[in-house]
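Containing compact mmCIF, C-alpha atoms: upload_8.txt.
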# COMPACT_ATOMS: atom_id res chain seq x y z
CA MET A 237 -18.81 92.67 24.14
CA LYS A 238 -21.39 91.62 26.68
CA ARG A 239 -24.20 92.77 24.48
CA GLU A 240 -22.75 90.86 21.55
CA GLY A 241 -22.48 87.75 23.64
CA LYS A 242 -26.15 88.04 24.47
CA ILE A 243 -27.08 88.53 20.82
CA ALA A 244 -25.06 85.46 19.90
CA VAL A 245 -26.86 83.33 22.48
CA ILE A 246 -30.26 84.56 21.32
CA LEU A 247 -29.40 83.86 17.68
CA PHE A 248 -28.14 80.41 18.56
CA VAL A 249 -31.35 79.56 20.40
CA MET A 250 -33.36 80.79 17.41
CA VAL A 251 -31.36 78.59 15.05
CA ILE A 252 -31.92 75.53 17.22
CA ALA A 253 -35.62 76.33 17.48
CA ILE A 254 -36.11 76.73 13.75
CA VAL A 255 -34.34 73.45 13.09
CA ALA A 256 -35.93 71.44 15.87
CA ILE A 257 -39.53 72.60 15.71
CA PRO A 258 -40.44 71.02 12.35
CA LEU A 259 -39.00 67.75 13.55
CA PHE A 260 -41.41 67.62 16.48
CA ALA A 261 -44.31 69.41 14.87
CA LEU A 262 -44.44 67.13 11.86
CA LYS A 263 -44.25 63.72 13.44
CA GLY A 264 -44.12 60.95 10.92
CA ALA A 265 -43.03 63.18 8.07
CA GLU A 266 -40.46 61.61 5.87
CA PHE A 267 -37.87 64.37 5.71
CA GLY A 268 -36.50 63.28 2.39
CA GLY A 269 -34.25 65.60 0.47
CA SER A 270 -35.73 68.52 -1.38
CA ASP A 271 -33.44 67.69 -4.26
CA ASP A 272 -35.34 64.42 -4.52
CA ALA A 273 -38.59 66.32 -4.28
CA GLY A 274 -37.33 68.22 -7.30
CA SER A 275 -36.81 65.06 -9.28
CA GLN A 276 -40.29 63.86 -8.36
CA LYS A 277 -41.68 67.12 -9.62
CA VAL A 278 -39.82 66.63 -12.88
CA GLU A 279 -41.45 63.25 -13.30
CA GLU A 280 -44.81 64.71 -12.44
CA LEU A 281 -44.40 67.33 -15.14
CA THR A 282 -42.95 65.27 -17.93
CA GLY A 283 -43.88 61.73 -17.09
CA GLU A 284 -41.20 59.12 -16.59
CA TYR A 285 -37.76 60.65 -16.80
CA GLU A 286 -34.60 58.65 -17.11
CA PRO A 287 -31.52 60.63 -16.09
CA TRP A 288 -29.06 60.33 -18.93
CA PHE A 289 -26.01 60.35 -16.74
CA THR A 290 -25.41 58.73 -13.39
CA PRO A 291 -22.99 60.08 -10.81
CA VAL A 292 -19.44 58.81 -11.40
CA PHE A 293 -19.16 57.41 -7.91
CA GLU A 294 -22.36 55.42 -8.34
CA THR A 295 -21.18 54.14 -11.69
CA ALA A 296 -17.94 52.99 -10.10
CA LEU A 297 -19.82 51.26 -7.30
CA ASN A 298 -22.37 49.85 -9.68
CA GLY A 299 -25.23 51.09 -7.60
CA GLU A 300 -26.21 53.68 -5.04
CA ILE A 301 -23.84 54.81 -2.34
CA PRO A 302 -24.84 53.03 0.87
CA GLY A 303 -26.70 55.37 3.23
CA GLU A 304 -24.21 55.02 6.05
CA VAL A 305 -21.28 55.73 3.76
CA GLU A 306 -23.07 58.74 2.39
CA SER A 307 -23.57 60.17 5.85
CA LEU A 308 -19.91 59.42 6.53
CA LEU A 309 -18.89 61.45 3.50
CA PHE A 310 -21.17 64.29 4.53
CA CYS A 311 -19.54 64.15 7.95
CA VAL A 312 -16.12 64.32 6.34
CA GLN A 313 -17.19 67.43 4.48
CA THR A 314 -18.51 69.02 7.65
CA GLY A 315 -15.42 67.92 9.53
CA ILE A 316 -13.05 69.55 7.08
CA GLY A 317 -15.03 72.76 7.24
CA VAL A 318 -15.37 72.85 11.01
CA GLY A 319 -11.69 71.98 11.40
CA VAL A 320 -10.58 74.95 9.32
CA VAL A 321 -13.06 77.36 10.89
CA ALA A 322 -12.21 76.28 14.43
CA PHE A 323 -8.47 76.34 13.83
CA LEU A 324 -8.50 79.85 12.40
CA MET A 325 -10.98 81.14 14.95
CA GLY A 326 -8.81 79.73 17.72
CA ARG A 327 -5.81 81.55 16.33
CA PHE A 328 -7.72 84.82 16.14
CA VAL A 329 -9.01 84.52 19.68
CA GLU A 330 -5.61 83.68 21.15
CA ARG A 331 -3.99 86.49 19.23
CA LYS A 332 -6.43 88.99 20.64
CA LYS A 333 -5.73 87.69 24.11
CA TYR A 334 -1.98 88.14 23.68
CA GLU A 335 -2.40 91.58 22.21
CA LYS A 336 -4.37 92.56 25.26
CA SER A 337 -1.81 91.23 27.73
CA ASP A 338 0.98 92.91 25.77
CA SER A 339 -0.63 96.30 25.96
CA SER A 340 -1.41 95.96 29.64
CA CYS A 341 2.18 95.16 30.60
CA MET B 238 -4.64 92.69 -13.38
CA THR B 239 -2.07 92.30 -16.08
CA LYS B 240 -2.77 92.65 -19.76
CA THR B 241 -2.88 88.94 -20.42
CA GLN B 242 -5.25 88.41 -17.56
CA LYS B 243 -7.53 91.09 -18.90
CA ARG B 244 -7.36 89.58 -22.34
CA ILE B 245 -8.28 86.14 -21.07
CA LEU B 246 -11.14 87.59 -19.09
CA LYS B 247 -12.46 89.48 -22.08
CA PHE B 248 -12.12 86.41 -24.21
CA SER B 249 -14.03 84.31 -21.74
CA ILE B 250 -16.83 86.87 -21.57
CA ALA B 251 -17.08 86.99 -25.33
CA PHE B 252 -17.01 83.21 -25.40
CA ALA B 253 -19.87 83.02 -22.94
CA LEU B 254 -21.96 85.61 -24.73
CA ALA B 255 -21.46 83.95 -28.07
CA PHE B 256 -22.63 80.64 -26.73
CA SER B 257 -25.33 81.69 -24.32
CA VAL B 258 -27.23 83.66 -26.91
CA CYS B 259 -27.34 80.85 -29.46
CA PRO B 260 -29.44 78.12 -27.85
CA THR B 261 -33.01 79.40 -27.81
CA VAL B 262 -32.98 78.65 -24.18
CA SER B 263 -34.77 75.33 -24.68
CA ALA B 264 -31.80 74.44 -18.96
CA MET B 265 -30.34 73.63 -5.38
CA HIS B 266 -28.58 71.23 -6.82
CA ILE B 267 -29.91 69.87 -9.93
CA MET B 268 -29.51 66.15 -9.94
CA GLU B 269 -26.97 64.38 -12.09
CA GLY B 270 -28.30 63.69 -15.55
CA TYR B 271 -31.39 65.81 -15.14
CA LEU B 272 -30.40 68.46 -17.63
CA PRO B 273 -30.10 67.77 -21.34
CA PRO B 274 -26.51 68.10 -22.61
CA ALA B 275 -27.20 71.38 -24.42
CA PHE B 276 -28.26 73.00 -21.16
CA CYS B 277 -25.34 71.56 -19.27
CA ILE B 278 -22.96 73.14 -21.72
CA ALA B 279 -24.83 76.44 -21.88
CA TRP B 280 -24.88 76.91 -18.09
CA GLY B 281 -21.30 75.80 -17.85
CA VAL B 282 -20.22 78.32 -20.44
CA ILE B 283 -22.09 81.15 -18.72
CA CYS B 284 -20.12 80.40 -15.57
CA VAL B 285 -16.74 80.61 -17.27
CA PRO B 286 -16.18 84.39 -17.03
CA PHE B 287 -17.17 84.50 -13.36
CA VAL B 288 -14.91 81.61 -12.50
CA VAL B 289 -12.01 83.12 -14.46
CA LYS B 290 -12.50 86.47 -12.73
CA GLY B 291 -12.76 84.72 -9.39
CA PHE B 292 -9.57 82.82 -10.08
CA TYR B 293 -7.62 86.01 -10.70
CA VAL B 294 -9.10 87.73 -7.67
CA ILE B 295 -8.15 84.80 -5.46
CA ARG B 296 -4.67 84.62 -6.92
CA LYS B 297 -4.24 88.30 -6.25
CA ILE B 298 -5.37 87.84 -2.68
CA ILE B 299 -2.95 84.98 -2.16
CA THR B 300 0.07 86.73 -3.64
CA GLU B 301 -0.49 90.27 -2.44
CA ASN B 302 -2.52 90.10 0.69
CA ARG B 303 -1.37 87.33 2.95
CA LYS B 304 -3.51 88.52 5.79
CA ALA B 305 -6.65 87.98 3.82
CA VAL B 306 -5.87 84.32 3.12
CA THR B 307 -7.06 83.22 6.55
CA VAL B 308 -10.40 84.96 6.13
CA LEU B 309 -10.69 83.53 2.64
CA ALA B 310 -10.08 80.04 3.99
CA MET B 311 -12.66 80.73 6.65
CA ALA B 312 -15.26 81.75 4.08
CA GLY B 313 -14.55 78.59 2.07
CA ALA B 314 -14.70 76.36 5.11
CA TYR B 315 -17.96 78.02 6.13
CA ILE B 316 -19.48 77.01 2.79
CA PHE B 317 -18.19 73.49 3.35
CA VAL B 318 -19.84 73.20 6.73
CA ILE B 319 -23.10 74.90 5.91
CA SER B 320 -23.75 73.12 2.64
CA ALA B 321 -23.17 69.72 4.24
CA LEU B 322 -25.83 70.18 6.86
CA LYS B 323 -29.16 68.82 5.80
CA ILE B 324 -31.80 70.42 7.90
CA PRO B 325 -35.44 69.45 8.36
CA SER B 326 -37.91 72.08 7.33
CA VAL B 327 -41.56 72.89 7.90
CA THR B 328 -42.67 71.17 4.73
CA GLY B 329 -41.54 67.79 5.97
CA SER B 330 -38.55 67.46 3.73
CA CYS B 331 -34.90 68.25 4.26
CA SER B 332 -32.79 70.72 2.42
CA HIS B 333 -29.45 72.33 2.95
CA MET B 334 -28.16 75.85 2.97
CA THR B 335 -25.63 77.39 0.65
CA GLY B 336 -23.35 79.31 3.02
CA THR B 337 -22.16 81.55 0.23
CA GLY B 338 -23.40 84.75 1.86
CA LEU B 339 -20.37 85.20 4.11
CA GLY B 340 -17.85 84.98 1.29
CA ALA B 341 -19.90 87.28 -0.90
CA ILE B 342 -20.15 89.94 1.78
CA LEU B 343 -16.43 89.77 2.53
CA PHE B 344 -14.91 89.27 -0.90
CA GLY B 345 -17.55 89.95 -3.51
CA SER B 346 -19.42 87.49 -5.63
CA CYS B 347 -16.72 86.41 -8.09
CA THR B 348 -14.45 85.01 -5.41
CA VAL B 349 -17.24 82.88 -4.09
CA SER B 350 -17.73 81.29 -7.48
CA ILE B 351 -14.41 79.49 -6.98
CA LEU B 352 -15.14 78.51 -3.39
CA GLY B 353 -18.59 77.30 -4.33
CA MET B 354 -17.22 75.39 -7.27
CA ILE B 355 -14.84 73.46 -5.03
CA VAL B 356 -17.69 72.46 -2.76
CA LEU B 357 -19.92 71.50 -5.66
CA ILE B 358 -17.24 69.35 -7.28
CA PHE B 359 -16.61 67.66 -3.95
CA GLN B 360 -20.30 66.90 -3.55
CA ALA B 361 -20.79 65.87 -7.14
CA ILE B 362 -17.97 63.34 -7.17
CA LEU B 363 -18.03 61.92 -3.67
CA LEU B 364 -21.60 62.36 -2.57
CA ALA B 365 -23.52 61.88 -5.78
CA HIS B 366 -25.20 65.08 -4.74
CA GLY B 367 -25.62 67.51 -7.57
CA GLY B 368 -23.60 66.24 -10.49
CA LEU B 369 -20.77 66.69 -12.91
CA THR B 370 -23.04 67.23 -15.88
CA THR B 371 -25.16 69.72 -13.97
CA LEU B 372 -22.13 71.37 -12.40
CA GLY B 373 -22.43 74.44 -14.58
CA ALA B 374 -26.06 75.02 -13.71
CA ASN B 375 -25.39 74.45 -10.03
CA ILE B 376 -22.38 76.77 -10.01
CA PHE B 377 -24.53 79.41 -11.63
CA SER B 378 -27.31 79.17 -9.07
CA MET B 379 -25.33 78.54 -5.90
CA ALA B 380 -21.97 80.16 -6.52
CA ILE B 381 -22.82 83.04 -8.84
CA ALA B 382 -26.44 84.18 -8.68
CA GLY B 383 -26.91 83.71 -4.92
CA PRO B 384 -23.67 85.44 -3.88
CA PHE B 385 -24.35 88.23 -6.33
CA VAL B 386 -27.67 88.95 -4.64
CA SER B 387 -26.02 88.72 -1.21
CA TYR B 388 -23.40 91.19 -2.28
CA ALA B 389 -25.93 93.59 -3.76
CA VAL B 390 -28.25 93.41 -0.76
CA TYR B 391 -25.37 94.02 1.61
CA ALA B 392 -24.18 96.99 -0.44
CA ILE B 393 -27.66 98.50 -0.42
CA CYS B 394 -28.04 98.00 3.32
CA LYS B 395 -24.68 99.66 3.85
CA LYS B 396 -25.72 102.62 1.73
CA CYS B 397 -28.90 103.00 3.73
CA ARG B 398 -26.80 102.94 6.91
CA MET B 399 -28.77 100.04 8.21
CA ASN B 400 -27.54 98.17 11.25
CA ARG B 401 -24.66 95.99 10.07
CA ASN B 402 -25.97 92.76 11.59
CA MET B 403 -29.32 93.34 9.94
CA GLY B 404 -27.60 93.88 6.61
CA VAL B 405 -25.60 90.68 6.95
CA PHE B 406 -28.71 88.77 7.90
CA LEU B 407 -30.73 90.03 4.95
CA ALA B 408 -27.87 89.50 2.53
CA ALA B 409 -27.26 85.89 3.54
CA MET B 410 -30.94 85.05 3.71
CA LEU B 411 -31.94 86.55 0.38
CA GLY B 412 -28.88 85.10 -1.31
CA ASP B 413 -29.82 81.64 -0.09
CA LEU B 414 -33.42 82.04 -1.22
CA PHE B 415 -32.41 83.42 -4.57
CA THR B 416 -30.21 80.39 -5.18
CA TYR B 417 -33.27 78.22 -5.02
CA CYS B 418 -35.31 80.61 -7.15
CA VAL B 419 -32.66 80.33 -9.84
CA THR B 420 -32.69 76.56 -9.54
CA SER B 421 -36.47 76.58 -10.02
CA VAL B 422 -36.14 78.68 -13.12
CA GLN B 423 -33.34 76.49 -14.45
CA LEU B 424 -35.50 73.42 -14.04
CA ALA B 425 -38.53 75.19 -15.44
CA LEU B 426 -36.65 76.14 -18.57
CA THR B 427 -35.96 72.48 -19.13
CA TYR B 428 -39.19 70.91 -18.05
CA GLN B 429 -42.65 72.06 -18.88
CA LYS B 430 -45.94 70.29 -18.80
CA GLU B 431 -47.22 69.47 -22.19
CA GLY B 432 -48.67 72.71 -23.47
CA GLY B 433 -47.68 74.48 -20.24
CA SER B 434 -45.51 77.55 -20.24
CA VAL B 435 -42.14 78.07 -18.64
CA LEU B 436 -43.76 80.37 -16.12
CA SER B 437 -46.31 77.91 -14.82
CA SER B 438 -43.65 75.28 -14.55
CA ALA B 439 -41.37 77.70 -12.71
CA ALA B 440 -44.21 78.33 -10.28
CA GLU B 441 -44.48 74.59 -9.66
CA PHE B 442 -40.79 74.28 -8.88
CA PHE B 443 -40.98 77.38 -6.69
CA GLY B 444 -43.70 75.56 -4.81
CA VAL B 445 -41.35 72.67 -4.13
CA PHE B 446 -38.22 74.56 -3.18
CA VAL B 447 -39.15 77.90 -1.67
CA PRO B 448 -41.36 76.87 1.29
CA THR B 449 -38.75 74.31 2.30
CA GLN B 450 -35.94 76.76 1.91
CA LEU B 451 -37.49 79.74 3.68
CA PRO B 452 -36.78 78.68 7.28
CA LEU B 453 -33.36 77.45 6.25
CA ALA B 454 -32.60 80.79 4.68
CA VAL B 455 -33.44 82.39 8.02
CA VAL B 456 -31.12 79.94 9.77
CA GLU B 457 -28.36 80.73 7.34
CA GLY B 458 -28.89 84.44 7.92
CA LEU B 459 -28.63 83.99 11.69
CA LEU B 460 -25.52 81.80 11.46
CA THR B 461 -23.84 84.25 9.13
CA VAL B 462 -24.54 87.09 11.55
CA MET B 463 -22.96 85.02 14.32
CA ILE B 464 -19.78 84.28 12.43
CA MET B 465 -19.54 87.89 11.25
CA MET B 466 -19.79 89.09 14.81
CA ALA B 467 -17.03 86.70 15.81
CA LEU B 468 -14.84 87.88 12.94
CA GLU B 469 -15.43 91.53 13.75
CA ASN B 470 -14.47 90.83 17.30
CA TYR B 471 -11.33 88.80 16.75
CA ALA B 472 -10.14 89.40 13.23
CA LYS B 473 -10.23 93.16 12.85
CA PRO B 474 -6.79 93.40 11.17
CA GLU B 475 -7.80 90.87 8.52
CA LEU B 476 -11.09 92.59 7.81
CA LYS B 477 -9.22 95.84 7.40
CA ALA B 478 -6.75 94.17 5.08
CA ILE B 479 -9.50 93.10 2.70
CA GLY B 480 -11.00 96.57 2.82
CA PHE B 481 -14.11 95.40 4.57
CA GLU B 482 -13.81 97.63 7.58
CA LYS B 483 -12.59 100.92 6.26
CA SER B 484 -14.52 103.16 8.58
CA VAL B 485 -13.13 101.65 11.77
Taking this structure as input, can you express it in the form of structure tokens?
Amino acid sequence: MKREGKIAVILFVMVIAIVAIPLFALKGAEFGGSDDAGSQKVEELTGEYEPWFTPVFETALNGEIPGEVESLLFCVQTGIGVGVVAFLMGRFVERKKYEKSDSSC
Amino acid sequence: MTKTQKRILKFSIAFALAFSVCPTVSAMHIMEGYLPPAFCIAWGVICVPFVVKGFYVIRKIITENRKAVTVLAMAGAYIFVISALKIPSVTGSCSHMTGTGLGAILFGSCTVSILGMIVLIFQAILLAHGGLTTLGANIFSMAIAGPFVSYAVYAICKKCRMNRNMGVFLAAMLGDLFTYCVTSVQLALTYQKEGGSVLSSAAEFFGVFVPTQLPLAVVEGLLTVMIMMALENYAKPELKAIGFEKSV
């Protein structure tokens, strides 16, 4: 268990490092989405390209989703996921604790 | 699987084969409206058998194996979290991970096709990220091809008696990378330079996606190892119930 805890900490630090380093190493980079980079590449290859279908949500709004709202929706997605993971993980952890105390009694 | 289920599965496979062979293939998330309708349909049709199979597997899990439902929900939620995180990469642009490795390792690749589909529909409708018309192509790359590689890599590592954490790491990482390779190929099949071949165009798209994705794939591998370690520690009965941890 102790060894695993150590591994987990090391992995976590590595994750943070991989994510954070580009941010500081490449000051002034734009950090746009790579999906957008894909669409630029398409234009580079074929010239002007007009998507033949726009996302339903954008059609309903008659324009792009505002940036803040988009990040809100991404947060909602993350929130749902984290909520479920944390809830289940919490249950597992507590259960193990009770199992332990049961067997020790 | 009952007879009807088998029949429907067979039918869907035949359906996919019949359609996917016809178009002389003239099609991570591909953007809405960026694939011509023929490609949208072709990729969508190819996905049908996997999704149908996945649907039956999930239904079986839910009706017969209640213990596994929590882990299934966990795998789905993990995809939700991971694919919502846009992470800066060394190339100066952001991309996000797929998170399908965990589900593929635990449940096999077909199950993940359903989980991935839910996430992709969510993103396509609410986030204008990916798209409804390109849903089929995106399901194929993110929820079928990637998980399939994860599953295969994990199986190979297990056969070679490699350290389990290492196997999980490799499986998740390669699955993530492969997702983007498939996306590149999908785009390359659609778009070529005038007079250029599919291959050269695929190389161009590789150049856009793969360097960005490489560090993220490593991150995904590390995160998946972490959550697997947590599951092994706290959810042994569930892992046994889904037949993941037979030897213990």
Could you list, as a ChimeraX atom specification, every residue of chain B that has an atom within 7 Å of an atom of chain A, counting only C-alpha atoms? /B:265-266,269-271,307,311,314-315,317-318,321,324-327,329-332,362-365,368,428-430,445-446,452,456,459,463,471-472
Have a look at CA of Ile376 (chain B) and CA of Ser434 (chain B) and let me know their distance in Å, one decimal. 25.3 Å
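Between CA of Val462 (chain B) and CA of Phe406 (chain B) there is a distance of 5.8 Å.
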Region 392-400 of chain B: which residues within 12 Å, counting all atoms listed in the file, same-chain residues fewer than 2 positions away excluded, as a list in words? Ala341, Ile342, Leu343, Gly345, Ser346, Phe385, Val386, Ser387, Tyr388, Ala389, Val390, Asn402, Met403, Gly404, Val405, Phe406, Leu407, Ala408, Val462, Phe481, Glu482 and Ser484 of chain B
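Within 8 Å of Ile316 (chain B), once only C-alpha atoms are used and residues closer than 3 positions along the same chain are dropped, the contacting residues are Gly317 of chain A; Ala312, Gly313, Ile319, Ser320, Thr335, Gly336, Thr337, Leu352, Gly353 and Val356 of chain B.
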Mind checking which residues fall within 6 Å of Val422 (chain B), counting all atoms listed in the file, ignoring those fewer than 3 positions away in the same chain, and posting them as a VMD selection string? chain B and resid 419 425 439
Best match for closeness to Val308 (chain B) among B:Tyr417, B:Phe442, B:Tyr391, B:Phe344, counting all atoms listed in the file: B:Phe344
What separation in Å, quoted to one decimal, exists between CA of Glu457 (chain B) and CA of Lys323 (chain B)? 12.0 Å
Report, as lines of an AutoDock Vina configuration file, the axis-aligned box around all atoms of region 419-423 of chain B present in the file, extended by 6 Å on each side; give centre and edge lengths in Å to one decimal place.
center_x = -34.6
center_y = 78.4
center_z = -12.0
size_x = 15.8
size_y = 15.8
size_z = 16.9
Excluding Arg296 (chain B) and residues on its chain fewer than 6 positions from it, collect all residues at most 12 Å away from it, counting only C-alpha atoms, and give them as an MDAnalysis selection string. chainID B and resid 238 242 289:290 302:303 305:306 309 348 351
